[in-house]
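Here is the structure we will look at, set down as structure tokens.
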Amino acid sequence: MTYPPRRPAELPRFRGLDGNPQLAPSPVPGTPRELVDHGFADLTVGTAEYAEGPTGVTVMRLPDHARVATDFRGGSKGMSGGYQVVEAICFAGGSVYGFGAATGVAEALLAERGNDVSFPRLSLVNGAIIYDFSARNNAVIPDAALGKAALANAVAGTVPVGRVGAGVAATVGKIDWSRAEFAGQGAAYREISGIKLLVVTVVNAVGAIVDREQRVVRGNYDPETGERRHPAEDYAAAFAGAAMPATELGNTTITAVFTNVRLDDRQLDQFAKQVHSSMHRAIQPFHTSQDGDVLFAVTTDELDFPTETSAELGVHQLAPSALGAVASELAWDAVLSAAA
């Protein structure tokens, strides 16, 4: 597959800032490059954007609630909620100002249930944000209204991929801004004998995106040569010249991995760590001090692992790790789909 350049415009960075006066979500929300089908019957996914940013929101809703484990890495994580059981997950641009989108999702869920604020009916929404101001010179933020719009746009069976939702202004390979490229929102789904796995990710990293042949396919693009190079080459060159390596601030990759396999709390936590750690193969470097990477691992607890296997010591303990290995390859696919 070829990856033609997808570079952000040169901008008067961080000047002429305007906020959110009288904005309305784009009339055609979440126009995707493609849709990824998934088999989770109760999972709906919706996106909404403010074209004036551009910036946006992606909402993943599980109305029956689901258990979650969270893994966060890097120097500047951006996460709200942190609940172990959720009804929705909200990804947003706008950095710390984008947390209002998750609040909007919770408010919309509250309104749905007739403003019932009893403890068992509380709206539990985990949120994660990316810093997407690098690619635009305004202060338009995903607010509560945009979060509500994304929830209202949620549909079953598909995930939009491309520069949509929270990924509409996501960029990668920011060793120097002049070599950054747009990435976006990626997704990948796989089903094996009833076992379901879905990964949704918004890739907004310092690092560049790398394929399975170890080629840099998005980010750190040299406009003079038309080539992309591994960031490690730039870092090594800086050290060789007795200079401090440079990079752009404000980066985060946010990910959700869903499975229908029943995992206990310890297994789900390890599953989250395993898949998140694996993503360094697709994003290099990953989890840097300039990143704030967050991964939510979600199980709908619908399917038990097969029990016909041998009861020898270690066999059953291996099953969650094997699931993590398959999900890790799927996460790589999802990252590559954000780059395509």
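Chains: A, B, ... in order of the structure tokens. Residues: from 1 per chain. Ligands: from 1, in order shown.
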
Write out as a ChimeraX atom specification each polymer residue whose atoms come within 6 Å of Arg262 (chain A), counting only C-alpha atoms; drop sequence neighbours fewer than 4 positions from it. /A:301,303-304

If we count only C-alpha atoms and set the cut-off at 9 Å, which residues sit around region 124-128 of chain A, ignoring sequence neighbours fewer than 2 positions away in its own chain? Please answer as a ChimeraX atom specification. /A:65,77-83,85-93,95,98-99,101-103,105-106,121-122,130,254-255,294-296

Output the selection as a short mmCIF file (atom, residue, chain, number, x, y, z; two decimals), in the first residue's frame - N, CA, C and O atoms for each residue.
```
data_model
loop_
_atom_site.label_atom_id
_atom_site.label_comp_id
_atom_site.auth_asym_id
_atom_site.auth_seq_id
_atom_site.Cartn_x
_atom_site.Cartn_y
_atom_site.Cartn_z
N HIS A 65 -23.82 -1.57 30.18
CA HIS A 65 -22.61 -1.39 30.98
C HIS A 65 -21.61 -2.53 30.73
O HIS A 65 -21.99 -3.61 30.28
N LYS A 77 -0.73 12.05 30.74
CA LYS A 77 -1.98 11.39 30.38
C LYS A 77 -3.15 12.34 30.55
O LYS A 77 -3.16 13.20 31.43
N GLY A 78 -4.16 12.18 29.69
CA GLY A 78 -5.36 12.98 29.78
C GLY A 78 -6.57 12.07 29.84
O GLY A 78 -7.05 11.57 28.83
N MET A 79 -7.08 11.85 31.06
CA MET A 79 -8.15 10.88 31.26
C MET A 79 -9.10 11.39 32.33
O MET A 79 -8.67 12.01 33.30
N SER A 80 -10.39 11.13 32.15
CA SER A 80 -11.37 11.45 33.18
C SER A 80 -12.20 10.21 33.47
O SER A 80 -12.26 9.28 32.67
N GLY A 81 -12.83 10.22 34.60
CA GLY A 81 -13.66 9.08 34.99
C GLY A 81 -12.84 8.02 35.68
O GLY A 81 -12.77 7.96 36.90
N GLY A 82 -12.21 7.17 34.91
CA GLY A 82 -11.43 6.09 35.47
C GLY A 82 -12.28 5.02 36.12
O GLY A 82 -11.79 4.25 36.97
N TYR A 83 -13.55 4.92 35.71
CA TYR A 83 -14.45 3.94 36.32
C TYR A 83 -14.11 2.53 35.84
O TYR A 83 -13.64 2.33 34.72
N VAL A 85 -16.49 0.19 35.70
CA VAL A 85 -17.68 -0.20 34.96
C VAL A 85 -18.20 1.05 34.27
O VAL A 85 -18.32 2.10 34.90
N VAL A 86 -18.48 0.95 32.96
CA VAL A 86 -18.90 2.14 32.23
C VAL A 86 -20.10 1.86 31.34
O VAL A 86 -20.38 0.72 30.97
N GLU A 87 -20.78 2.95 30.99
CA GLU A 87 -21.85 2.90 30.00
C GLU A 87 -21.35 3.48 28.67
O GLU A 87 -21.91 3.17 27.61
N ALA A 88 -20.32 4.31 28.73
CA ALA A 88 -19.80 4.90 27.50
C ALA A 88 -18.35 5.31 27.70
O ALA A 88 -17.90 5.56 28.83
N ILE A 89 -17.63 5.38 26.58
CA ILE A 89 -16.27 5.91 26.53
C ILE A 89 -16.28 7.05 25.53
O ILE A 89 -16.83 6.92 24.43
N CYS A 90 -15.67 8.16 25.91
CA CYS A 90 -15.68 9.36 25.08
C CYS A 90 -14.25 9.78 24.78
O CYS A 90 -13.48 10.08 25.70
N PHE A 91 -13.89 9.80 23.50
CA PHE A 91 -12.61 10.35 23.04
C PHE A 91 -12.86 11.75 22.49
O PHE A 91 -13.87 11.98 21.80
N ALA A 92 -11.94 12.68 22.75
CA ALA A 92 -12.14 14.05 22.29
C ALA A 92 -10.82 14.73 21.99
O ALA A 92 -9.79 14.40 22.58
N GLY A 93 -10.86 15.69 21.08
CA GLY A 93 -9.75 16.61 20.90
C GLY A 93 -9.81 17.69 21.96
O GLY A 93 -10.52 17.58 22.96
N SER A 95 -7.48 18.82 24.05
CA SER A 95 -6.63 18.67 25.23
C SER A 95 -7.50 18.74 26.50
O SER A 95 -8.62 18.22 26.50
N GLY A 98 -11.16 19.49 26.42
CA GLY A 98 -12.08 18.56 25.77
C GLY A 98 -12.80 17.64 26.74
O GLY A 98 -13.67 16.87 26.31
N PHE A 99 -12.47 17.71 28.03
CA PHE A 99 -13.15 16.85 28.99
C PHE A 99 -14.64 17.17 29.09
O PHE A 99 -15.44 16.34 29.52
N ALA A 101 -16.67 17.28 26.80
CA ALA A 101 -17.42 16.39 25.91
C ALA A 101 -17.94 15.18 26.66
O ALA A 101 -19.10 14.76 26.47
N ALA A 102 -17.10 14.59 27.51
CA ALA A 102 -17.53 13.43 28.30
C ALA A 102 -18.63 13.82 29.28
O ALA A 102 -19.57 13.05 29.52
N THR A 103 -18.53 15.03 29.83
CA THR A 103 -19.60 15.53 30.71
C THR A 103 -20.91 15.63 29.94
O THR A 103 -21.98 15.29 30.45
N VAL A 105 -21.82 13.82 27.38
CA VAL A 105 -22.33 12.46 27.18
C VAL A 105 -23.07 12.00 28.44
O VAL A 105 -24.18 11.45 28.36
N ALA A 106 -22.47 12.24 29.60
CA ALA A 106 -23.12 11.84 30.86
C ALA A 106 -24.44 12.59 31.06
O ALA A 106 -25.44 12.00 31.51
N ARG A 121 -28.23 4.38 39.06
CA ARG A 121 -28.48 4.86 37.71
C ARG A 121 -27.50 5.95 37.28
O ARG A 121 -27.71 6.60 36.25
N LEU A 122 -26.44 6.16 38.03
CA LEU A 122 -25.48 7.19 37.66
C LEU A 122 -24.87 6.89 36.29
O LEU A 122 -24.58 5.74 35.95
N ILE A 130 -6.99 14.15 23.31
CA ILE A 130 -5.73 14.37 22.62
C ILE A 130 -5.50 15.88 22.49
O ILE A 130 -6.45 16.66 22.44
N ILE A 254 -4.96 7.53 22.08
CA ILE A 254 -6.00 7.00 22.96
C ILE A 254 -6.69 5.83 22.26
O ILE A 254 -6.99 5.88 21.07
N THR A 255 -6.91 4.75 23.01
CA THR A 255 -7.32 3.48 22.41
C THR A 255 -8.36 2.80 23.30
O THR A 255 -8.31 2.89 24.53
N VAL A 294 -3.40 6.51 26.63
CA VAL A 294 -4.40 5.86 27.46
C VAL A 294 -5.05 4.73 26.67
O VAL A 294 -5.39 4.90 25.49
N LEU A 295 -5.22 3.56 27.29
CA LEU A 295 -5.95 2.45 26.68
C LEU A 295 -6.98 1.94 27.66
O LEU A 295 -6.68 1.67 28.83
N PHE A 296 -8.22 1.81 27.18
CA PHE A 296 -9.30 1.18 27.95
C PHE A 296 -9.53 -0.21 27.37
O PHE A 296 -9.78 -0.36 26.17
#
```

Using DSSP assignments from the backbone, pull out every residue in region 83-197 of chain A that falls under helix (DSSP H, G or I) and give it to me as a ChimeraX atom specification. /A:95-112,119-121,133-135,144-152,165-167,177-179

Which parts of region 146-280 of chain A does DSSP call strand (DSSP E) when run on the backbone here, written out as a PyMOL selection string? chain A and resi 155-156+158-161+171-172+181-182+184-192+195-204+208-210+216-218+221-222+227-228+252-261

Which residues of region 52-102 of chain A have any atom within 9 Å of an atom in region 169-179 of chain A when counting only C-alpha atoms, and what is the closest pair of atoms for each, with the distance in Å to one decimal? Order the rows by chain and rising number and write it as a Markdown table.
```
| residue | atom | partner | partner_atom | distance |
| --- | --- | --- | --- | --- |
| A:Gly53 | CA | A:Ala169 | CA | 8.3 |
| A:Pro54 | CA | A:Ala169 | CA | 6.3 |
| A:Thr55 | CA | A:Ala169 | CA | 6.0 |
| A:Gly56 | CA | A:Ala169 | CA | 8.2 |
| A:Gly93 | CA | A:Ala169 | CA | 7.8 |
```

Could you write those residues out with N, CA and C atoms, as a PDB file, in the first residue's frame?
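Generated output (out_1.pdb):
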```pdb
ATOM      1  N   GLY A  53     -12.788  24.040  13.866  1.00  0.00           N
ATOM      2  CA  GLY A  53     -11.525  23.698  14.519  1.00  0.00           C
ATOM      3  C   GLY A  53     -10.424  23.400  13.505  1.00  0.00           C
ATOM      4  N   PRO A  54     -10.481  22.249  12.813  1.00  0.00           N
ATOM      5  CA  PRO A  54     -11.457  21.198  13.123  1.00  0.00           C
ATOM      6  C   PRO A  54     -11.058  20.442  14.382  1.00  0.00           C
ATOM      7  N   THR A  55     -12.061  20.000  15.110  1.00  0.00           N
ATOM      8  CA  THR A  55     -11.855  19.153  16.274  1.00  0.00           C
ATOM      9  C   THR A  55     -13.113  18.334  16.467  1.00  0.00           C
ATOM     10  N   GLY A  56     -13.016  17.250  17.241  1.00  0.00           N
ATOM     11  CA  GLY A  56     -14.185  16.394  17.319  1.00  0.00           C
ATOM     12  C   GLY A  56     -14.213  15.443  18.486  1.00  0.00           C
ATOM     13  N   GLY A  93     -10.858  15.691  21.084  1.00  0.00           N
ATOM     14  CA  GLY A  93      -9.747  16.611  20.900  1.00  0.00           C
ATOM     15  C   GLY A  93      -9.808  17.692  21.961  1.00  0.00           C
TER      16      GLY A  93
END
```

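Counting only C-alpha atoms and comparing A:Asn138, A:Thr44, A:Thr247, A:Thr2, the residue that lies closest to Gly157 (chain A) is A:Thr44.
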
Non-local contacts of Thr158 (chain A) (10 Å; only C-alpha atoms; under 3 positions in same chain excluded) as a ChimeraX atom specification: /A:34-40,43-46,154-155,161,187,189
